[in-house]
Structures are given as C-alpha cells and as structure tokens.
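Coordinates as given in model-v7.csv (CSV, C-alpha atoms and all ligand atoms):
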```
chain,number,residue,atom,x,y,z
A,1,MET,CA,19.7,1.3,17.4
A,2,SER,CA,16.3,-0.3,17.1
A,3,PRO,CA,16.4,-4.1,17.0
A,4,VAL,CA,13.7,-4.1,14.4
A,5,ARG,CA,15.3,-3.7,11.0
A,6,PHE,CA,13.2,-3.4,7.9
A,7,THR,CA,14.1,-4.7,4.4
A,8,GLN,CA,10.8,-4.3,2.6
A,9,ALA,CA,8.0,-1.8,2.2
A,10,ILE,CA,4.7,-1.7,0.4
A,11,VAL,CA,3.3,1.6,-0.9
A,12,ARG,CA,0.5,2.8,-3.1
A,13,PRO,CA,0.7,6.2,-4.7
A,14,PRO,CA,-2.5,8.4,-4.5
A,15,GLY,CA,-4.9,8.1,-7.4
A,16,ALA,CA,-7.0,10.9,-8.8
A,17,SER,CA,-9.8,10.0,-6.4
A,18,PHE,CA,-7.5,10.8,-3.4
A,19,VAL,CA,-9.2,14.1,-3.0
A,20,ASN,CA,-12.4,12.3,-2.2
A,21,GLY,CA,-11.0,10.5,0.8
A,22,LEU,CA,-12.2,10.7,4.3
A,23,THR,CA,-11.4,13.7,6.4
A,24,THR,CA,-12.4,13.7,10.0
A,25,ALA,CA,-9.9,15.9,11.8
A,26,ALA,CA,-7.7,18.0,9.6
A,27,ALA,CA,-10.1,20.7,8.0
A,28,LEU,CA,-7.1,22.0,6.0
A,29,GLY,CA,-8.9,22.2,2.6
A,30,ALA,CA,-8.6,20.0,-0.5
A,31,PRO,CA,-5.3,18.3,-1.3
A,32,VAL,CA,-3.5,19.2,-4.6
A,33,LEU,CA,-3.0,15.9,-6.4
A,34,THR,CA,0.1,16.8,-8.3
A,35,ARG,CA,1.8,17.9,-5.1
A,36,ALA,CA,0.6,14.8,-3.3
A,37,ARG,CA,2.2,12.6,-6.0
A,38,THR,CA,5.5,14.5,-5.8
A,39,GLN,CA,5.5,14.2,-2.0
A,40,HIS,CA,4.7,10.5,-2.3
A,41,GLN,CA,7.7,10.0,-4.7
A,42,ALA,CA,10.0,11.7,-2.2
A,43,TYR,CA,8.6,9.3,0.4
A,44,ILE,CA,9.5,6.3,-1.7
A,45,ALA,CA,12.9,7.6,-2.3
A,46,ALA,CA,13.4,8.1,1.4
A,47,LEU,CA,12.5,4.5,2.1
A,48,ARG,CA,14.9,3.3,-0.6
A,49,SER,CA,17.6,5.5,0.9
A,50,CYS,CA,17.1,3.6,4.2
A,51,GLY,CA,17.9,0.3,2.4
A,52,LEU,CA,14.3,-0.9,1.8
A,53,GLN,CA,13.1,-2.7,-1.3
A,54,VAL,CA,9.8,-0.9,-2.1
A,55,THR,CA,6.9,-2.6,-3.7
A,56,GLU,CA,4.9,0.1,-5.4
A,57,LEU,CA,1.3,-0.9,-6.1
A,58,ALA,CA,-0.7,0.8,-8.8
A,59,PRO,CA,-3.1,3.6,-7.6
A,60,ASP,CA,-6.6,2.3,-7.0
A,61,GLU,CA,-9.2,4.8,-8.0
A,62,ALA,CA,-12.0,2.7,-6.4
A,63,PHE,CA,-10.5,3.5,-3.0
A,64,PRO,CA,-9.7,7.2,-2.3
A,65,ASP,CA,-7.9,6.4,0.9
A,66,SER,CA,-5.9,3.4,-0.4
A,67,THR,CA,-2.7,5.3,-0.4
A,68,PHE,CA,-2.8,4.9,3.4
A,69,VAL,CA,-1.7,1.3,3.1
A,70,GLU,CA,-0.6,1.1,6.8
A,71,ASP,CA,-4.2,0.7,7.9
A,72,THR,CA,-4.8,-2.6,6.0
A,73,ALA,CA,-2.2,-4.9,7.7
A,74,VAL,CA,0.0,-5.3,10.8
A,75,ILE,CA,3.2,-7.0,10.0
A,76,SER,CA,5.6,-8.1,12.7
A,77,GLN,CA,8.7,-10.2,12.5
A,78,ARG,CA,6.7,-13.3,13.5
A,79,VAL,CA,3.3,-12.9,12.0
A,80,ALA,CA,1.4,-10.8,9.4
A,81,VAL,CA,-2.2,-9.8,10.1
A,82,ALA,CA,-4.7,-8.5,7.5
A,83,THR,CA,-6.9,-6.0,9.2
A,84,ARG,CA,-10.6,-5.1,8.9
A,85,PRO,CA,-10.5,-1.3,8.6
A,86,GLY,CA,-13.1,0.5,10.6
A,87,ALA,CA,-14.3,2.9,7.9
A,88,PRO,CA,-16.8,1.1,5.7
A,89,THR,CA,-15.4,2.8,2.6
A,90,ARG,CA,-11.9,1.3,3.3
A,91,ALA,CA,-12.9,-2.3,4.1
A,92,ASP,CA,-12.3,-3.6,0.6
A,93,GLU,CA,-8.8,-2.2,0.4
A,94,VAL,CA,-7.6,-5.3,2.1
A,95,PRO,CA,-7.7,-8.0,-0.6
A,96,ALA,CA,-5.2,-6.2,-2.8
A,97,ILE,CA,-2.8,-5.9,0.1
A,98,VAL,CA,-3.2,-9.6,1.0
A,99,ALA,CA,-2.4,-10.4,-2.7
A,100,ALA,CA,0.7,-8.2,-2.5
A,101,LEU,CA,1.8,-9.9,0.8
A,102,HIS,CA,1.3,-13.3,-0.8
A,103,GLY,CA,3.5,-12.2,-3.7
A,104,LEU,CA,6.2,-11.3,-1.1
A,105,GLY,CA,5.9,-14.7,0.6
A,106,LEU,CA,3.7,-13.7,3.6
A,107,GLU,CA,0.6,-15.5,4.5
A,108,PRO,CA,-1.4,-13.2,6.8
A,109,VAL,CA,-4.0,-14.3,9.3
A,110,HIS,CA,-7.2,-12.3,9.2
A,111,ILE,CA,-9.1,-10.2,11.8
A,112,GLN,CA,-12.7,-11.5,11.8
A,113,ALA,CA,-16.0,-9.7,12.0
A,114,PRO,CA,-17.3,-8.0,14.1
A,115,GLY,CA,-13.7,-6.9,14.9
A,116,THR,CA,-12.3,-3.9,13.2
A,117,VAL,CA,-8.6,-2.8,13.3
A,118,ASP,CA,-6.8,0.0,11.5
A,119,GLY,CA,-3.0,-0.4,11.3
A,120,GLY,CA,-2.6,3.2,12.3
A,121,ASP,CA,-3.7,2.2,15.8
A,122,ILE,CA,-0.9,-0.3,16.2
A,123,CYS,CA,2.4,0.9,17.7
A,124,GLN,CA,5.2,-1.7,18.0
A,125,MET,CA,7.7,-1.0,20.8
A,126,ASP,CA,10.2,-3.8,20.2
A,127,GLU,CA,8.5,-6.8,21.8
A,128,HIS,CA,5.5,-4.9,23.1
A,129,PHE,CA,2.6,-3.9,20.9
A,130,LEU,CA,0.3,-1.0,21.9
A,131,ILE,CA,-3.1,-1.4,20.3
A,132,GLY,CA,-5.3,1.7,20.2
A,133,VAL,CA,-9.0,1.4,20.7
A,134,SER,CA,-10.4,4.2,18.6
A,135,ALA,CA,-13.2,5.3,16.4
A,136,ARG,CA,-11.7,2.8,13.8
A,137,THR,CA,-10.4,-0.1,15.9
A,138,ASN,CA,-13.0,-1.6,18.2
A,139,GLU,CA,-12.4,-3.6,21.3
A,140,ASN,CA,-13.2,-6.9,19.6
A,141,GLY,CA,-10.6,-6.3,16.9
A,142,ALA,CA,-8.1,-5.1,19.3
A,143,ASN,CA,-8.5,-8.2,21.4
A,144,GLN,CA,-8.2,-10.5,18.4
A,145,LEU,CA,-5.0,-8.8,17.4
A,146,ALA,CA,-3.7,-8.9,20.9
A,147,ASP,CA,-4.3,-12.7,21.1
A,148,ILE,CA,-2.6,-13.3,17.8
A,149,LEU,CA,0.5,-11.3,18.9
A,150,ARG,CA,0.6,-12.9,22.3
A,151,GLN,CA,0.5,-16.3,20.7
A,152,GLN,CA,3.7,-15.3,19.0
A,153,GLY,CA,5.3,-14.4,22.3
A,154,TYR,CA,4.8,-10.6,22.1
A,155,ARG,CA,3.3,-8.5,24.8
A,156,ALA,CA,0.2,-6.5,23.8
A,157,SER,CA,-1.7,-3.7,25.6
A,158,LEU,CA,-4.9,-2.1,24.7
A,159,ILE,CA,-4.9,1.8,24.9
A,160,ASP,CA,-8.3,3.5,24.7
A,161,VAL,CA,-7.8,6.7,22.8
A,162,ARG,CA,-11.5,7.4,22.1
A,163,THR,CA,-11.6,10.3,24.4
A,164,VAL,CA,-8.5,12.1,23.1
A,165,PRO,CA,-9.9,15.1,21.1
A,166,GLY,CA,-9.0,15.1,17.4
A,167,LEU,CA,-7.0,11.9,17.4
A,168,LEU,CA,-7.8,9.6,14.5
A,169,HIS,CA,-5.4,6.8,15.4
A,170,LEU,CA,-3.1,5.9,18.3
A,171,LYS,CA,-0.1,6.6,16.1
A,172,SER,CA,-1.4,10.1,15.3
A,173,GLY,CA,-0.3,10.8,18.8
A,174,ILE,CA,2.7,8.6,19.5
A,175,SER,CA,5.7,7.2,17.6
A,176,TYR,CA,8.2,4.7,18.9
A,177,LEU,CA,11.8,5.8,18.0
A,178,GLY,CA,13.5,2.7,19.2
A,179,ASP,CA,16.0,2.6,22.1
A,180,GLN,CA,13.2,3.1,24.7
A,181,ARG,CA,12.2,6.5,23.4
A,182,MET,CA,8.7,7.5,22.5
A,183,MET,CA,7.6,10.7,20.7
A,184,VAL,CA,4.3,11.8,22.3
A,185,ALA,CA,1.9,14.5,21.1
A,186,PRO,CA,0.4,17.0,23.5
A,187,GLY,CA,-3.0,15.9,24.7
A,188,MET,CA,-2.1,12.2,25.0
A,189,PRO,CA,-3.1,10.8,28.4
A,190,ARG,CA,-0.5,11.1,31.2
A,191,ALA,CA,-2.3,8.5,33.3
A,192,GLY,CA,-4.0,5.2,32.7
A,193,ALA,CA,-3.1,2.5,30.2
A,194,LEU,CA,-0.8,4.6,28.0
A,195,ALA,CA,1.2,5.8,31.0
A,196,GLY,CA,1.5,2.3,32.3
A,197,ALA,CA,2.7,1.0,29.0
A,198,LEU,CA,5.3,3.7,28.8
A,199,ALA,CA,6.8,3.0,32.2
A,200,GLY,CA,10.5,3.0,31.7
A,201,ILE,CA,10.2,4.6,28.3
A,202,GLU,CA,11.6,8.1,27.7
A,203,ARG,CA,8.8,10.4,26.6
A,204,ILE,CA,9.8,13.0,24.1
A,205,GLU,CA,7.1,15.6,24.2
A,206,VAL,CA,6.1,17.3,21.0
A,207,ASP,CA,5.4,21.0,21.2
A,208,ARG,CA,1.7,22.0,21.2
A,209,SER,CA,2.2,24.0,18.0
A,210,GLU,CA,3.6,20.9,16.2
A,211,SER,CA,1.3,18.1,17.2
A,212,TYR,CA,1.1,16.7,13.7
A,213,ALA,CA,4.8,16.0,13.8
A,214,ALA,CA,4.2,13.3,16.5
A,215,ASN,CA,3.6,10.9,13.7
A,216,CYS,CA,7.1,10.0,12.5
A,217,VAL,CA,8.7,6.7,11.5
A,218,ARG,CA,11.9,5.0,12.6
A,219,VAL,CA,13.3,3.2,9.5
A,220,ASN,CA,16.5,1.4,10.4
A,221,ASP,CA,19.1,4.1,11.2
A,222,LYS,CA,16.9,7.1,10.4
A,223,VAL,CA,13.7,8.7,11.5
A,224,LEU,CA,11.4,10.1,8.8
A,225,ILE,CA,9.8,13.3,10.0
A,226,ALA,CA,7.4,15.8,8.4
A,227,SER,CA,9.1,19.0,7.3
A,228,GLY,CA,7.9,22.3,8.7
A,229,PHE,CA,8.2,21.4,12.4
A,230,PRO,CA,11.5,23.0,13.5
A,231,ARG,CA,11.1,22.4,17.2
A,232,MET,CA,10.7,18.7,16.8
A,233,ALA,CA,13.6,18.6,14.3
A,234,ALA,CA,15.8,20.3,16.9
A,235,VAL,CA,14.7,17.9,19.7
A,236,LEU,CA,15.6,14.9,17.5
A,237,ALA,CA,18.9,16.5,16.5
A,238,ALA,CA,19.7,17.1,20.2
A,239,GLN,CA,19.1,13.4,20.8
A,240,GLY,CA,21.6,12.5,18.1
A,241,ILE,CA,18.9,11.0,15.9
A,242,ALA,CA,19.5,11.2,12.1
A,243,THR,CA,16.3,12.4,10.3
A,244,ILE,CA,14.9,12.7,6.8
A,245,ARG,CA,12.5,15.5,6.4
A,246,LEU,CA,9.6,15.0,4.0
A,247,GLU,CA,6.9,17.4,2.8
A,248,MET,CA,3.6,15.9,4.0
A,249,SER,CA,1.1,18.8,3.5
A,250,GLU,CA,-1.2,17.1,1.1
A,251,PHE,CA,-1.5,13.9,3.2
A,252,GLN,CA,-2.0,16.0,6.3
A,253,LYS,CA,-5.1,17.5,4.7
A,254,MET,CA,-6.5,14.0,4.5
A,255,ASP,CA,-5.6,13.1,8.1
A,256,GLY,CA,-2.6,11.0,7.0
A,257,GLY,CA,0.8,11.0,8.6
A,258,LEU,CA,4.2,9.5,7.5
A,259,SER,CA,3.5,6.1,9.0
A,260,CYS,CA,0.2,5.6,7.1
A,261,LEU,CA,1.9,5.7,3.7
A,262,SER,CA,3.7,2.4,4.0
A,263,LEU,CA,3.8,-1.1,5.4
A,264,ARG,CA,7.3,-1.8,6.6
A,265,PHE,CA,8.7,-5.2,7.4
B,301,LIG,C1,-8.8,7.9,6.7
B,301,LIG,O1,-9.6,8.7,7.3
B,301,LIG,O2,-8.9,6.7,6.8
B,301,LIG,C2,-7.7,8.5,5.9
B,301,LIG,N1,-8.2,9.7,5.3
B,301,LIG,C3,-6.5,8.8,6.7
B,301,LIG,C4,-5.9,7.5,7.2
B,301,LIG,C5,-4.6,7.8,7.9
B,301,LIG,N2,-4.0,6.6,8.3
B,301,LIG,C6,-3.2,6.4,9.4
B,301,LIG,O3,-3.1,7.4,10.2
B,301,LIG,N3,-2.6,5.2,9.6
```
Serialized structure, structure tokens:
Amino acid sequence: MSPVRFTQAIVRPPGASFVNGLTTAAALGAPVLTRARTQHQAYIAALRSCGLQVTELAPDEAFPDSTFVEDTAVISQRVAVATRPGAPTRADEVPAIVAALHGLGLEPVHIQAPGTVDGGDICQMDEHFLIGVSARTNENGANQLADILRQQGYRASLIDVRTVPGLLHLKSGISYLGDQRMMVAPGMPRAGALAGALAGIERIEVDRSESYAANCVRVNDKVLIASGFPRMAAVLAAQGIATIRLEMSEFQKMDGGLSCLSLRF
C-alpha cells in the first residue's frame, strides 16, 4: 500500500457561479448545478469513507472555479505550499485556503511572482514530485516549487506538458496509484522527461476512449475513479485495487477531475 496516508481533506462545494467557470478543453456544454452539488456530496462521503476528516468550506460565489481547491496549494508530509494559480480569475482563491490551512495548524510557504503554479500540475510519487510545466504552471513557479521540495529532501522533476494536445494539467494525464504504478492517459509523452521520471514505474495505460478517467485519486486503501469508464475499472480490478466510483459529469464539463476537488494531507 502507498506509504502516504491521508487524515485530512479540504473541499469547497460549487456555488451558483460554478457554471461561469473557465472551460478550455472539455466543450461538453454547461454544467447542471444541482447535479454538480449532488456529485460533490458523494465525493465528500467517499473521502470520509476512506477515513479522512473533511473540512468543508462555504461556496464562494466570487470565484466560479473555487470548487477546484487542489489548484491553490501543494501539501506534502513535510511542507505546505500556497500556489499562485496561473489563471488570473483564480489567483485570489488562495487567501481563503491559506486561512483554512492556518486553522488546521499548517503554515504554508508561498510561490512568489512571477511564478505561477496550479496544484493540478503536481503529482507526488512517494518521495518524488513531478511538476508539470503547462499553460498554468510556468517554469519560474515550477522551479520555485522544486527548490522548496528539494530543501525538504524530496526529489523533484519538471515535466513540460505544453505540447500535449488538450491537456490542462499534468494530472489530467497521469495519476500515481502508489506501489510504483502510474495511470497514464493516451497521448502522454513516451519519451523525454516523463519517460525518464517513470523509469521503474509500471505504466497502466488508459484506453483512448476513456482518457478522462486517467485522473483518479489514491486515498489510503482505495482509488477514487470516475464512473462510466468500464475498461479502466476492469484494469484496476485486475490489479486487485479497490475502487470507489463517483459521478463526475458536471465537473468534467468544467475541465475538472477527481483530484481537483480536494486537498488531501
Ligand atoms: C480551470 O480551468 O481552472 C477549472 N475550470 C478546472 C480546474 C481543474 N483543476 C485541476 O485539474 N486540478
């Protein structure tokens, strides 16, 4: 089992303004708010069923994308980092998360301008952090974060995903399952920095028809996966991995995956 065990999560249910959030890749139409809220409640219940204490922040109408809390911080076992999200409309989501972290006894260090980092670009593989350089996370921010993590004894590698078509964040295309196994979407590079970082890691390839399902989340003894992706569910079952399937349709419409909806630590 994964050595990283979580006890806490922070979430923020979608507000009415959720429908006005950013969409860059999905083009699936407008989300239905009532359905999004129901899906979010099921997500919280899943985290609780994995043993996590969930801090539920109030919806924030000023920030349509603020339900995607993952992008605002990177929390490891040794250090918490408040990010500077790359989308200008999301930059001011951070102070409320910093306040919540303070309330839970964490004192985050901050990414500084001109660096930008979205938490969705950060994939922790045990002691090794992969940091995506994307349309949201720039090289300056990625290097700041890498330095912070290396100072804590972690390894950190930058992975440039700017040329991967339709990929918002690094973790839209990969998810670490623990135990040296990585879920990988079709279209992720098979050479270069990612291939180097995954040396010795078992690549579990996601079928081309199910690429959204590549964003899944290992939470203690379970993996949360999006429902509606039977090939991926079968692959995980064959690996002996226990899963919880969650409806994610309304978040998918806004380019969000399972990992984006929580900060786990
Ligand atoms: C955005 O474009 O920022 C949101 N609509 C989606 C953010 C998804 N976050 C994530 O993958 N970590």
Could you list, as a PDB file with C-alpha atoms, in the frame of the given file, all the residues within 10 Å of ligand LIG 301 (chain B), counting all atoms listed in the file?
```
ATOM      1  CA  PHE A  18      -7.500  10.800  -3.400  1.00  0.00           C
ATOM      2  CA  VAL A  19      -9.200  14.100  -3.000  1.00  0.00           C
ATOM      3  CA  ASN A  20     -12.400  12.300  -2.200  1.00  0.00           C
ATOM      4  CA  GLY A  21     -11.000  10.500   0.800  1.00  0.00           C
ATOM      5  CA  LEU A  22     -12.200  10.700   4.300  1.00  0.00           C
ATOM      6  CA  THR A  23     -11.400  13.700   6.400  1.00  0.00           C
ATOM      7  CA  THR A  24     -12.400  13.700  10.000  1.00  0.00           C
ATOM      8  CA  ALA A  25      -9.900  15.900  11.800  1.00  0.00           C
ATOM      9  CA  ALA A  26      -7.700  18.000   9.600  1.00  0.00           C
ATOM     10  CA  PRO A  64      -9.700   7.200  -2.300  1.00  0.00           C
ATOM     11  CA  ASP A  65      -7.900   6.400   0.900  1.00  0.00           C
ATOM     12  CA  SER A  66      -5.900   3.400  -0.400  1.00  0.00           C
ATOM     13  CA  THR A  67      -2.700   5.300  -0.400  1.00  0.00           C
ATOM     14  CA  PHE A  68      -2.800   4.900   3.400  1.00  0.00           C
ATOM     15  CA  VAL A  69      -1.700   1.300   3.100  1.00  0.00           C
ATOM     16  CA  GLU A  70      -0.600   1.100   6.800  1.00  0.00           C
ATOM     17  CA  ASP A  71      -4.200   0.700   7.900  1.00  0.00           C
ATOM     18  CA  THR A  72      -4.800  -2.600   6.000  1.00  0.00           C
ATOM     19  CA  PRO A  85     -10.500  -1.300   8.600  1.00  0.00           C
ATOM     20  CA  GLY A  86     -13.100   0.500  10.600  1.00  0.00           C
ATOM     21  CA  ALA A  87     -14.300   2.900   7.900  1.00  0.00           C
ATOM     22  CA  PRO A  88     -16.800   1.100   5.700  1.00  0.00           C
ATOM     23  CA  THR A  89     -15.400   2.800   2.600  1.00  0.00           C
ATOM     24  CA  ARG A  90     -11.900   1.300   3.300  1.00  0.00           C
ATOM     25  CA  ASP A 118      -6.800   0.000  11.500  1.00  0.00           C
ATOM     26  CA  GLY A 119      -3.000  -0.400  11.300  1.00  0.00           C
ATOM     27  CA  GLY A 120      -2.600   3.200  12.300  1.00  0.00           C
ATOM     28  CA  ASP A 121      -3.700   2.200  15.800  1.00  0.00           C
ATOM     29  CA  ILE A 122      -0.900  -0.300  16.200  1.00  0.00           C
ATOM     30  CA  ARG A 136     -11.700   2.800  13.800  1.00  0.00           C
ATOM     31  CA  LEU A 167      -7.000  11.900  17.400  1.00  0.00           C
ATOM     32  CA  LEU A 168      -7.800   9.600  14.500  1.00  0.00           C
ATOM     33  CA  HIS A 169      -5.400   6.800  15.400  1.00  0.00           C
ATOM     34  CA  LEU A 170      -3.100   5.900  18.300  1.00  0.00           C
ATOM     35  CA  LYS A 171      -0.100   6.600  16.100  1.00  0.00           C
ATOM     36  CA  SER A 172      -1.400  10.100  15.300  1.00  0.00           C
ATOM     37  CA  GLY A 173      -0.300  10.800  18.800  1.00  0.00           C
ATOM     38  CA  ASN A 215       3.600  10.900  13.700  1.00  0.00           C
ATOM     39  CA  PHE A 251      -1.500  13.900   3.200  1.00  0.00           C
ATOM     40  CA  GLN A 252      -2.000  16.000   6.300  1.00  0.00           C
ATOM     41  CA  LYS A 253      -5.100  17.500   4.700  1.00  0.00           C
ATOM     42  CA  MET A 254      -6.500  14.000   4.500  1.00  0.00           C
ATOM     43  CA  ASP A 255      -5.600  13.100   8.100  1.00  0.00           C
ATOM     44  CA  GLY A 256      -2.600  11.000   7.000  1.00  0.00           C
ATOM     45  CA  GLY A 257       0.800  11.000   8.600  1.00  0.00           C
ATOM     46  CA  LEU A 258       4.200   9.500   7.500  1.00  0.00           C
ATOM     47  CA  SER A 259       3.500   6.100   9.000  1.00  0.00           C
ATOM     48  CA  CYS A 260       0.200   5.600   7.100  1.00  0.00           C
ATOM     49  CA  LEU A 261       1.900   5.700   3.700  1.00  0.00           C
ATOM     50  CA  SER A 262       3.700   2.400   4.000  1.00  0.00           C
ATOM     51  CA  LEU A 263       3.800  -1.100   5.400  1.00  0.00           C
TER      52      LEU A 263
END
```
Between atom CA of Ala82 of chain A and atom CA of Ala214 of chain A, measure the distance and give it in Å to one decimal.
->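 Distance between the two atoms: 25.2 Å.
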Residue contacts of Ile241 of chain A (9 Å, only C-alpha atoms) excluding same-chain residues fewer than 2 positions away, as a list in words |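 My reading of the contact set: Asp221, Lys222, Val223, Val235, Leu236, Ala237, Ala238, Gln239 and Thr243 of chain A.
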Contact residues around segment 33-46 of chain A with only C-alpha atoms at 7 Å, ignoring same-chain residues under 4 positions, as number ranges by chain = A: 13-14, 16, 50, 246-248, 250-251
Which polymer residues have any atom within 7 Å of an atom of segment 210-213 of chain A, counting all atoms listed in the file, with same-chain residues fewer than 6 positions away left out, as a PDB file with C-alpha atoms, keeping the file's coordinate frame?
```pdb
ATOM      1  CA  ALA A 185       1.900  14.500  21.100  1.00  0.00           C
ATOM      2  CA  PRO A 186       0.400  17.000  23.500  1.00  0.00           C
ATOM      3  CA  ILE A 225       9.800  13.300  10.000  1.00  0.00           C
ATOM      4  CA  ALA A 226       7.400  15.800   8.400  1.00  0.00           C
ATOM      5  CA  PHE A 229       8.200  21.400  12.400  1.00  0.00           C
TER       6      PHE A 229
END
```
Between atom CA of Leu224 of chain A and atom CA of Glu107 of chain A - distance in Å to one decimal | 28.1 Å
Proximity to Asp147 of chain A - best of A:Leu52, A:Ile159, A:Val79, A:Pro189, all atoms listed in the file |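 Using all atoms listed in the file, Asp147 of chain A sits closest to A:Val79.
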Within 10 Å of Val4 of chain A, counting only C-alpha atoms, which residues qualify if same-chain residues fewer than 6 places away don't, as a ChimeraX atom specification?
-> /A:76-77,124-127,178,218-220,265
Atomic separation - atom CA of Gly115 of chain A relative to atom CA of Asn140 of chain A, Å =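 Value for the atom CA of Asn140 of chain A-atom CA of Gly115 of chain A distance: 4.7 Å.
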Taking only C-alpha atoms into account, which of A:Leu149, A:Ala142, A:Leu28, A:Ala96 comes nearest Ala80 of chain A?
->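 Between A:Leu149, A:Ala142, A:Leu28, A:Ala96, the residue approaching Ala80 of chain A most closely is A:Leu149.
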For Thr163 of chain A, the nearest of the candidates A:Arg150, A:Ala135, A:Ala99, A:Tyr176, counting all atoms listed in the file |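 The closest residue to Thr163 of chain A is A:Ala135.
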Which one of A:Ile148, A:Ser17, A:Gly105, A:Gly51 sits closest to Arg5 of chain A if you count only C-alpha atoms?
->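 Using only C-alpha atoms, the shortest distance to Arg5 of chain A belongs to A:Gly51.
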Best match for closeness to Arg264 of chain A among A:Arg48, A:Arg245, A:His110, A:Arg155, counting all atoms listed in the file = A:Arg48
Close residues, Leu198 of chain A itself excluded, 10 Å, all atoms listed in the file, min 3 positions apart in chain, as an NGL selection string | :A and (125 or 130 or 180-182 or 190 or 193-195 or 201-203)
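Among the candidate residues A:Ile244, A:Ser209, A:Ile174, A:Val54, the one lying nearest to Phe6 of chain A is A:Val54, with distances computed using all atoms listed in the file.
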